[in-house]
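Heads up, my_file24.csv below (CSV, C-alpha atoms):
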```
chain,number,residue,atom,x,y,z
A,362,MET,CA,-11.6,11.0,-7.7
A,363,GLN,CA,-13.4,7.8,-8.4
A,364,THR,CA,-14.2,5.6,-5.4
A,365,TYR,CA,-15.0,2.0,-4.6
A,366,ARG,CA,-15.6,-0.3,-1.7
A,367,LEU,CA,-12.5,-1.6,0.1
A,368,GLY,CA,-12.8,-5.4,0.0
A,369,THR,CA,-16.0,-6.6,1.8
A,370,SER,CA,-16.0,-3.6,4.1
A,371,ASP,CA,-18.4,-0.6,4.2
A,372,LEU,CA,-15.5,1.8,3.4
A,373,ASN,CA,-16.0,3.8,0.2
A,374,VAL,CA,-12.4,4.8,-0.5
A,375,SER,CA,-10.7,6.7,-3.2
A,376,ARG,CA,-9.3,4.3,-5.8
A,377,ILE,CA,-5.9,6.1,-5.4
A,378,GLY,CA,-4.7,6.3,-1.8
A,379,TYR,CA,-1.8,8.1,-0.3
A,380,GLY,CA,1.2,6.3,1.4
A,381,ALA,CA,2.3,8.4,4.3
A,382,MET,CA,5.6,6.4,4.9
A,383,SER,CA,8.0,9.3,4.5
A,384,ILE,CA,6.2,12.4,5.9
A,385,GLY,CA,7.8,12.1,9.3
A,386,GLY,CA,11.3,13.0,8.1
A,387,ALA,CA,14.3,11.0,9.4
A,388,TRP,CA,14.1,7.4,10.4
A,389,ASP,CA,15.7,7.9,13.8
A,390,ASP,CA,14.8,9.2,17.3
A,391,THR,CA,15.1,12.9,16.4
A,392,PRO,CA,11.9,14.7,17.2
A,393,LEU,CA,9.6,16.3,14.6
A,394,THR,CA,10.7,19.7,13.4
A,395,ASP,CA,8.4,22.6,12.4
A,396,SER,CA,9.7,22.3,8.8
A,397,VAL,CA,8.8,18.6,8.6
A,398,ARG,CA,5.3,19.3,10.0
A,399,LYS,CA,4.8,22.0,7.5
A,400,ALA,CA,6.0,19.9,4.6
A,401,ALA,CA,3.7,17.0,5.7
A,402,LEU,CA,0.7,19.2,5.9
A,403,GLN,CA,1.4,20.6,2.4
A,404,VAL,CA,1.4,17.2,0.7
A,405,LEU,CA,-1.5,16.0,2.8
A,406,HIS,CA,-3.7,18.9,1.8
A,407,THR,CA,-2.7,18.4,-1.8
A,408,ALA,CA,-3.9,14.8,-1.5
A,409,LEU,CA,-7.2,15.9,0.1
A,410,ASP,CA,-7.7,18.5,-2.6
A,411,THR,CA,-7.4,15.8,-5.3
A,412,GLY,CA,-10.2,13.7,-3.7
A,413,ILE,CA,-7.9,11.2,-1.9
A,414,ASN,CA,-9.7,10.1,1.3
A,415,PHE,CA,-7.6,7.0,2.2
A,416,PHE,CA,-4.2,7.3,4.0
A,417,ASP,CA,-1.8,4.4,4.6
A,418,HIS,CA,0.5,4.3,7.6
A,419,ALA,CA,2.6,1.9,9.7
A,420,ASP,CA,3.8,2.0,13.3
A,421,ILE,CA,7.4,2.0,12.1
A,422,TYR,CA,7.3,4.7,9.5
A,423,CYS,CA,10.0,7.3,10.3
A,424,ASN,CA,10.1,5.6,13.7
A,425,GLY,CA,6.5,6.6,14.4
A,426,LYS,CA,6.9,10.2,13.4
A,427,SER,CA,4.9,9.8,10.2
A,428,GLU,CA,1.8,9.1,12.2
A,429,GLU,CA,2.6,12.0,14.5
A,430,ALA,CA,3.1,14.4,11.5
A,431,PHE,CA,-0.2,13.2,10.0
A,432,ALA,CA,-2.1,14.1,13.2
A,433,GLU,CA,-1.2,17.7,12.7
A,434,LEU,CA,-4.3,17.8,10.4
A,435,TRP,CA,-6.6,17.6,13.4
A,436,LYS,CA,-5.3,20.9,14.9
A,437,GLU,CA,-6.6,23.0,12.1
A,438,SER,CA,-9.4,20.8,10.7
A,439,PRO,CA,-10.7,18.3,13.4
A,440,HIS,CA,-13.7,17.6,11.3
A,441,LEU,CA,-11.5,15.8,8.7
A,442,ARG,CA,-11.3,12.6,10.9
A,443,ARG,CA,-14.9,11.9,10.0
A,444,GLU,CA,-14.2,12.4,6.3
A,445,ILE,CA,-11.1,10.2,5.7
A,446,TYR,CA,-10.0,6.7,6.3
A,447,LEU,CA,-6.8,5.7,8.2
A,448,GLN,CA,-5.0,2.5,7.6
A,449,THR,CA,-1.9,1.5,9.6
A,450,LYS,CA,0.2,-1.6,10.0
A,451,CYS,CA,1.9,-3.6,12.7
A,452,GLY,CA,4.2,-6.6,13.0
A,453,ILE,CA,7.8,-5.3,12.3
A,454,ARG,CA,10.2,-4.7,15.2
A,455,PHE,CA,13.5,-3.1,14.7
A,456,GLY,CA,16.5,-4.8,16.3
A,457,PRO,CA,18.7,-5.9,17.3
A,458,PRO,CA,17.7,-8.4,16.1
A,459,HIS,CA,15.4,-7.1,13.4
A,460,ARG,CA,12.3,-9.4,13.5
A,461,PHE,CA,8.6,-9.8,12.9
A,462,ASP,CA,6.1,-10.2,15.7
A,463,PHE,CA,2.4,-11.2,15.3
A,464,SER,CA,2.0,-12.0,19.0
A,465,TYR,CA,-1.1,-10.8,20.8
A,466,GLU,CA,0.9,-8.6,23.0
A,467,HIS,CA,2.7,-6.8,20.2
A,468,ILE,CA,-0.4,-6.3,18.1
A,469,ILE,CA,-2.3,-4.7,21.0
A,470,ALA,CA,0.7,-2.5,22.0
A,471,SER,CA,1.3,-1.4,18.4
A,472,VAL,CA,-2.3,-0.3,17.9
A,473,GLU,CA,-2.3,1.6,21.2
A,474,GLY,CA,0.8,3.4,20.1
A,475,SER,CA,-0.6,4.2,16.7
A,476,LEU,CA,-3.9,5.5,18.2
A,477,LYS,CA,-1.8,7.8,20.5
A,478,ARG,CA,0.4,9.1,17.7
A,479,LEU,CA,-2.5,9.6,15.3
A,480,ARG,CA,-4.6,11.2,18.0
A,481,THR,CA,-7.7,9.3,17.2
A,482,ASP,CA,-10.0,6.8,18.9
A,483,TYR,CA,-10.1,4.3,16.1
A,484,ILE,CA,-8.3,3.0,13.1
A,485,ASP,CA,-10.3,2.1,10.0
A,486,VAL,CA,-8.0,-0.6,8.8
A,487,LEU,CA,-5.2,-2.5,10.5
A,488,LEU,CA,-2.8,-4.6,8.3
A,489,LEU,CA,-0.3,-7.2,9.4
A,490,HIS,CA,2.9,-5.7,7.9
A,491,ARG,CA,5.2,-8.6,7.0
A,492,PRO,CA,4.6,-12.3,7.4
A,493,ASP,CA,5.9,-13.6,10.8
A,494,PRO,CA,7.3,-17.2,10.5
A,495,LEU,CA,6.4,-17.7,14.1
A,496,VAL,CA,2.8,-16.6,13.8
A,497,GLU,CA,0.2,-18.3,16.0
A,498,PRO,CA,-3.1,-17.5,14.2
A,499,GLU,CA,-5.0,-18.0,17.4
A,500,GLU,CA,-3.1,-15.1,18.9
A,501,VAL,CA,-3.8,-12.9,15.9
A,502,ALA,CA,-7.5,-13.8,16.1
A,503,ARG,CA,-7.6,-13.0,19.9
A,504,ALA,CA,-6.0,-9.6,19.3
A,505,PHE,CA,-8.3,-8.7,16.3
A,506,ASP,CA,-11.4,-9.8,18.3
A,507,GLU,CA,-10.4,-7.5,21.2
A,508,LEU,CA,-9.6,-4.5,19.0
A,509,LYS,CA,-12.8,-5.0,17.1
A,510,SER,CA,-15.0,-5.3,20.2
A,511,ALA,CA,-13.4,-2.3,21.8
A,512,GLY,CA,-14.1,-0.2,18.7
A,513,LYS,CA,-10.4,0.6,18.2
A,514,VAL,CA,-10.1,-1.1,14.8
A,515,ARG,CA,-12.9,-1.4,12.3
A,516,TRP,CA,-11.4,-3.7,9.7
A,517,PHE,CA,-8.4,-5.9,9.2
A,518,GLY,CA,-6.1,-7.0,6.4
A,519,ALA,CA,-2.5,-8.1,5.5
A,520,SER,CA,0.5,-6.8,3.7
A,521,ASN,CA,3.1,-8.7,1.7
A,522,HIS,CA,1.2,-12.0,2.3
A,523,THR,CA,0.9,-14.9,-0.1
A,524,ALA,CA,-2.4,-16.7,-0.8
A,525,ALA,CA,-1.4,-19.5,1.5
A,526,GLN,CA,-0.5,-17.2,4.4
A,527,MET,CA,-3.8,-15.4,4.0
A,528,GLU,CA,-5.7,-18.7,3.9
A,529,LEU,CA,-4.1,-19.8,7.1
A,530,LEU,CA,-5.1,-16.7,8.9
A,531,ARG,CA,-8.6,-16.8,7.6
A,532,GLN,CA,-9.2,-20.2,9.1
A,533,PHE,CA,-8.8,-18.7,12.6
A,534,LEU,CA,-10.1,-15.1,12.2
A,535,ASN,CA,-13.6,-14.0,13.0
A,536,GLN,CA,-13.2,-10.9,10.8
A,537,PRO,CA,-12.6,-10.9,7.1
A,538,LEU,CA,-9.3,-9.8,5.5
A,539,ILE,CA,-10.3,-6.9,3.3
A,540,ALA,CA,-6.9,-5.9,1.9
A,541,ASN,CA,-3.4,-7.2,1.0
A,542,GLN,CA,-0.7,-4.6,0.3
A,543,VAL,CA,2.2,-5.8,-2.0
A,544,GLU,CA,4.9,-4.1,-4.1
A,545,PHE,CA,3.6,-3.7,-7.6
A,546,ASN,CA,4.6,-1.6,-10.6
A,547,PRO,CA,5.7,-2.2,-14.2
A,548,ILE,CA,9.2,-3.3,-13.2
A,549,HIS,CA,7.9,-5.4,-10.2
A,550,THR,CA,5.5,-7.8,-11.9
A,551,HIS,CA,6.2,-11.0,-10.0
A,552,MET,CA,2.5,-11.3,-9.1
A,553,LEU,CA,1.7,-11.5,-12.8
A,554,ASP,CA,4.7,-13.5,-14.0
A,555,GLU,CA,3.9,-16.6,-12.0
A,556,GLY,CA,0.5,-16.9,-13.7
A,557,ILE,CA,2.1,-16.9,-17.1
A,558,LEU,CA,5.5,-18.5,-16.8
A,559,PHE,CA,5.3,-22.1,-15.5
A,560,ASN,CA,9.0,-22.4,-14.7
A,561,GLN,CA,9.9,-24.3,-11.5
A,562,TYR,CA,13.5,-23.1,-11.8
A,563,ASN,CA,12.7,-19.4,-11.6
A,564,ALA,CA,12.9,-18.6,-7.9
A,565,ARG,CA,11.2,-15.3,-8.1
A,566,LEU,CA,7.9,-16.9,-9.2
A,567,THR,CA,7.4,-19.4,-6.4
A,568,ARG,CA,6.5,-17.1,-3.5
A,569,ASN,CA,3.7,-15.2,-5.3
A,570,GLU,CA,1.7,-18.2,-6.5
A,571,GLY,CA,-1.9,-17.3,-7.0
A,572,THR,CA,-1.9,-14.2,-4.8
A,573,ILE,CA,-3.7,-11.8,-7.1
A,574,GLU,CA,-6.2,-14.5,-8.0
A,575,TYR,CA,-6.8,-15.4,-4.4
A,576,CYS,CA,-7.5,-11.7,-3.6
A,577,ARG,CA,-10.0,-11.5,-6.5
A,578,LEU,CA,-11.7,-14.7,-5.5
A,579,HIS,CA,-12.2,-13.6,-1.9
A,580,ASN,CA,-12.9,-9.9,-2.5
A,581,ILE,CA,-9.7,-8.8,-0.9
A,582,THR,CA,-8.5,-5.4,-2.3
A,583,PHE,CA,-5.0,-5.7,-3.7
A,584,GLN,CA,-3.1,-2.5,-2.7
A,585,ALA,CA,0.2,-1.5,-4.5
A,586,TRP,CA,3.0,0.0,-2.6
A,587,ALA,CA,5.8,1.7,-4.5
A,588,PRO,CA,3.5,2.2,-7.5
A,589,LEU,CA,5.8,4.9,-8.9
A,590,ALA,CA,8.8,2.5,-8.8
A,591,SER,CA,10.8,4.9,-6.6
A,592,GLY,CA,11.1,7.3,-9.5
A,593,LYS,CA,13.0,4.9,-11.7
A,594,LEU,CA,10.7,5.2,-14.6
A,595,THR,CA,9.8,8.8,-14.8
A,596,GLY,CA,12.9,10.3,-16.4
A,597,LYS,CA,15.2,10.9,-13.5
A,598,PRO,CA,18.9,9.9,-14.2
A,599,ARG,CA,19.5,6.3,-13.0
A,600,PRO,CA,23.0,5.2,-13.6
A,601,ASN,CA,23.4,1.4,-14.0
A,602,GLY,CA,19.7,0.9,-14.0
A,603,GLY,CA,19.8,-1.7,-16.8
A,604,ALA,CA,18.7,-1.6,-20.4
A,605,HIS,CA,15.1,-2.6,-19.6
A,606,ILE,CA,14.7,0.2,-17.1
A,607,GLN,CA,15.7,2.7,-19.8
A,608,LYS,CA,13.5,1.1,-22.4
A,609,THR,CA,10.5,1.2,-20.0
A,610,THR,CA,11.3,4.8,-19.1
A,611,ASP,CA,11.3,5.8,-22.7
A,612,LEU,CA,8.0,4.1,-23.3
A,613,VAL,CA,6.4,5.8,-20.2
A,614,LEU,CA,7.6,9.2,-21.4
A,615,GLN,CA,6.3,8.5,-24.9
A,616,MET,CA,2.9,7.5,-23.7
A,617,ALA,CA,2.7,10.5,-21.4
A,618,ALA,CA,3.5,12.9,-24.2
A,619,GLU,CA,0.8,11.2,-26.4
A,620,LYS,CA,-1.8,11.5,-23.7
A,621,GLY,CA,-0.9,14.9,-22.5
A,622,VAL,CA,-0.2,13.8,-18.9
A,623,HIS,CA,2.8,13.4,-16.6
A,624,PRO,CA,4.8,10.1,-16.6
A,625,GLU,CA,3.7,9.4,-13.1
A,626,ALA,CA,0.1,9.2,-14.3
A,627,ILE,CA,1.0,6.5,-16.8
A,628,LEU,CA,2.5,4.3,-14.1
A,629,LEU,CA,-0.7,4.5,-12.0
A,630,ALA,CA,-2.9,4.1,-15.0
A,631,TRP,CA,-1.1,0.8,-15.8
A,632,ILE,CA,-2.0,-0.4,-12.3
A,633,LEU,CA,-5.5,0.8,-12.4
A,634,ARG,CA,-6.1,-0.9,-15.8
A,635,HIS,CA,-5.8,-4.4,-14.2
A,636,PRO,CA,-9.2,-5.9,-13.6
A,637,ALA,CA,-8.3,-6.8,-10.0
A,638,ARG,CA,-9.2,-3.2,-9.1
A,639,ILE,CA,-5.8,-2.6,-7.5
A,640,GLN,CA,-5.5,0.5,-5.3
A,641,PRO,CA,-2.1,2.2,-5.8
A,642,LEU,CA,-0.7,4.1,-2.8
A,643,PRO,CA,1.8,6.6,-4.1
A,644,GLY,CA,4.0,7.9,-1.3
A,645,THR,CA,5.8,10.9,-2.8
A,646,THR,CA,6.3,13.9,-0.5
A,647,ASN,CA,6.4,16.2,-3.4
A,648,PRO,CA,3.0,17.8,-3.9
A,649,GLU,CA,3.6,18.4,-7.6
A,650,ARG,CA,4.6,14.8,-8.2
A,651,LEU,CA,1.4,13.7,-6.4
A,652,LEU,CA,-0.7,15.9,-8.6
A,653,ALA,CA,1.0,14.4,-11.6
A,654,ALA,CA,0.3,10.9,-10.4
A,655,VAL,CA,-3.4,11.3,-9.7
A,656,GLU,CA,-4.0,12.4,-13.3
A,657,ALA,CA,-4.3,8.6,-13.8
A,658,ASP,CA,-7.8,8.9,-12.4
A,659,HIS,CA,-8.9,10.5,-15.7
A,660,ILE,CA,-7.1,8.3,-18.3
A,661,SER,CA,-7.1,4.7,-19.3
A,662,LEU,CA,-4.7,2.4,-21.2
A,663,THR,CA,-5.6,0.1,-24.0
A,664,ARG,CA,-4.8,-3.6,-23.8
A,665,GLU,CA,-1.9,-3.0,-26.3
A,666,GLU,CA,-0.5,-0.1,-24.2
A,667,TRP,CA,-0.8,-2.1,-21.0
A,668,TYR,CA,1.1,-5.1,-22.5
A,669,GLY,CA,3.7,-2.8,-24.0
A,670,LEU,CA,4.6,-1.6,-20.5
A,671,PHE,CA,4.4,-5.0,-19.1
A,672,LEU,CA,6.8,-6.5,-21.6
A,673,ALA,CA,9.2,-3.6,-21.4
A,674,GLY,CA,9.3,-3.7,-17.6
A,675,ARG,CA,10.0,-7.4,-17.5
A,676,GLY,CA,12.8,-7.0,-20.0
A,677,GLU,CA,11.9,-10.1,-21.9
A,678,ALA,CA,9.2,-11.4,-24.2
A,679,LEU,CA,6.3,-13.8,-23.3
A,680,PRO,CA,6.6,-17.4,-24.4
```
Take the structure in the file and give it back as structure tokens.
Amino acid sequence: MQTYRLGTSDLNVSRIGYGAMSIGGAWDDTPLTDSVRKAALQVLHTALDTGINFFDHADIYCNGKSEEAFAELWKESPHLRREIYLQTKCGIRFGPPHRFDFSYEHIIASVEGSLKRLRTDYIDVLLLHRPDPLVEPEEVARAFDELKSAGKVRWFGASNHTAAQMELLRQFLNQPLIANQVEFNPIHTHMLDEGILFNQYNARLTRNEGTIEYCRLHNITFQAWAPLASGKLTGKPRPNGGAHIQKTTDLVLQMAAEKGVHPEAILLAWILRHPARIQPLPGTTNPERLLAAVEADHISLTREEWYGLFLAGRGEALP
């Protein structure tokens, strides 16, 4: 697996990471079962065997159980903690009411909970999960400073943040933001559309203004969640998916056959082709599908192939 530095950090990470959102089973209060633990370990070992050394979490995933399931690795292979990088997120609180919380108290409490569930003394990267409209940047800075000085978090970043939201935070933080994690795949191209289509009446463009460019300018690694588009483009039956979904799926399958790889690899290769050095984080719990996806590390798309998927996924032509 090819590697690169994550943002301005000293972390040499696999350019494809693994999103551990679903390895904890049900999103409720039921405890982890042996079968869930076994399935989690199977896909995690598959990821490790492919060369993936970067694993993405969040305090809320499967109500905390995904972090617990991941920690099963240490029982059989405690040395692995020194060989991999853990990223987790905080800032979402389930209701009622459902809300976001970047307060000092919540950030500190969330990290303490993640450390306990992950059974580790430190987290390599902490991301702010979803923008909090009530954010007080001074409180975020205070929490980050305390976590950094205590050795509990090494590096920090954001998730689902716009360029302006990151710029606001950076004015107060004493640590750099090294990553921003946003949904990105051939049928979710909003981050690209706004740089091409100057249309003030298209609401989907306004939120994402300059986000990719901002990350590139400030050496903030752009991470892609849902890089496999939740299975919509790899041949699974999708009733009422729309004509452009089917067209994009057909193109993905055609390109996969031509290159002798699985369709999942084409989707990740499309992301990796972008010069922003985007890090896709596939979250499948199926080991075979993960193996199919990481084939992308060994293939590349031409400019023509990349634009073909881009246009098909958007369902419309460029001006």
Val622 of chain A surroundings by all atoms listed in the file, 12 Å radius, close-in-sequence under 3 positions cut, as a PDB file with C-alpha atoms, in the coordinates of the input:
```
ATOM      1  CA  THR A 595       9.800   8.800 -14.800  1.00  0.00           C
ATOM      2  CA  VAL A 613       6.400   5.800 -20.200  1.00  0.00           C
ATOM      3  CA  LEU A 614       7.600   9.200 -21.400  1.00  0.00           C
ATOM      4  CA  GLN A 615       6.300   8.500 -24.900  1.00  0.00           C
ATOM      5  CA  MET A 616       2.900   7.500 -23.700  1.00  0.00           C
ATOM      6  CA  ALA A 617       2.700  10.500 -21.400  1.00  0.00           C
ATOM      7  CA  ALA A 618       3.500  12.900 -24.200  1.00  0.00           C
ATOM      8  CA  GLU A 619       0.800  11.200 -26.400  1.00  0.00           C
ATOM      9  CA  GLU A 625       3.700   9.400 -13.100  1.00  0.00           C
ATOM     10  CA  ALA A 626       0.100   9.200 -14.300  1.00  0.00           C
ATOM     11  CA  ILE A 627       1.000   6.500 -16.800  1.00  0.00           C
ATOM     12  CA  LEU A 628       2.500   4.300 -14.100  1.00  0.00           C
ATOM     13  CA  LEU A 629      -0.700   4.500 -12.000  1.00  0.00           C
ATOM     14  CA  ALA A 630      -2.900   4.100 -15.000  1.00  0.00           C
ATOM     15  CA  ARG A 650       4.600  14.800  -8.200  1.00  0.00           C
ATOM     16  CA  LEU A 652      -0.700  15.900  -8.600  1.00  0.00           C
ATOM     17  CA  ALA A 653       1.000  14.400 -11.600  1.00  0.00           C
ATOM     18  CA  ALA A 654       0.300  10.900 -10.400  1.00  0.00           C
ATOM     19  CA  VAL A 655      -3.400  11.300  -9.700  1.00  0.00           C
ATOM     20  CA  GLU A 656      -4.000  12.400 -13.300  1.00  0.00           C
ATOM     21  CA  ALA A 657      -4.300   8.600 -13.800  1.00  0.00           C
ATOM     22  CA  ASP A 658      -7.800   8.900 -12.400  1.00  0.00           C
ATOM     23  CA  HIS A 659      -8.900  10.500 -15.700  1.00  0.00           C
ATOM     24  CA  ILE A 660      -7.100   8.300 -18.300  1.00  0.00           C
ATOM     25  CA  SER A 661      -7.100   4.700 -19.300  1.00  0.00           C
TER      26      SER A 661
END
```
Residue among A:Asp390, A:Ile413, A:Ile539, A:Ser520 lying closest to Ile377 of chain A, counting all atoms listed in the file: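 Checking each candidate against Ile377 of chain A, we get A:Ile413 as the closest.
Nearest residue to Ala519 of chain A among A:Ser438, A:Thr481, A:Gln403, A:Gln584 is A:Gln584, counting all atoms listed in the file.
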Spatial neighbours of segment 496-512 of chain A, max dist 6 Å, all atoms listed in the file, sep filter under 4 positions, as a ChimeraX atom specification: /A:463-465,530,534
Contact residues around Ile484 of chain A with all atoms listed in the file at 12 Å, ignoring same-chain residues under 5 positions, as a ChimeraX atom specification: /A:415-419,428,442-443,445-450,471-479,508-509,511-517
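If all atoms listed in the file are the atoms counted, then among A:Leu402, A:Ile421, A:Ala585, A:Ala470 the closest residue to Thr550 of chain A is A:Ala585.
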Residues of segment 585-633 of chain A within 6 Å of segment 638-642 of chain A: nearest atom pair and distance (Å, one decimal) for each, counting only C-alpha atoms, sorted by chain and number, as a tab-separated table?
```
residue	atom	partner	partner_atom	distance
A:Ala585	CA	A:Pro641	CA	4.5
A:Trp586	CA	A:Leu642	CA	5.5
A:Pro588	CA	A:Pro641	CA	5.9
A:Leu633	CA	A:Ile639	CA	6.0
```
Export of prior selection with C-alpha atoms as a PDB file, keeping the file's coordinate frame:
```pdb
ATOM      1  CA  ALA A 585       0.200  -1.500  -4.500  1.00  0.00           C
ATOM      2  CA  TRP A 586       3.000   0.000  -2.600  1.00  0.00           C
ATOM      3  CA  PRO A 588       3.500   2.200  -7.500  1.00  0.00           C
ATOM      4  CA  LEU A 633      -5.500   0.800 -12.400  1.00  0.00           C
TER       5      LEU A 633
END
```
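Closest approach to Glu429 of chain A among A:His549, A:Ala401, A:Gly456, A:Glu444 is made by A:Ala401 (distances from all atoms listed in the file).
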Within-7 Å shell of (-1.1, -3.6, -12.9) in input frame, only C-alpha atoms, as a ChimeraX atom specification: /A:546,631-635
A:Leu441, A:Thr582, A:Val486, A:Ser427 ranked by distance to Arg376 of chain A, top pick (using all atoms listed in the file):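 Distance minimum relative to Arg376 of chain A lands on A:Thr582.
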Pick from A:Asp485, A:Asp410, A:Glu666, A:Glu544 nearest to Ala590 of chain A, counting only C-alpha atoms: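 Distance minimum relative to Ala590 of chain A lands on A:Glu544.
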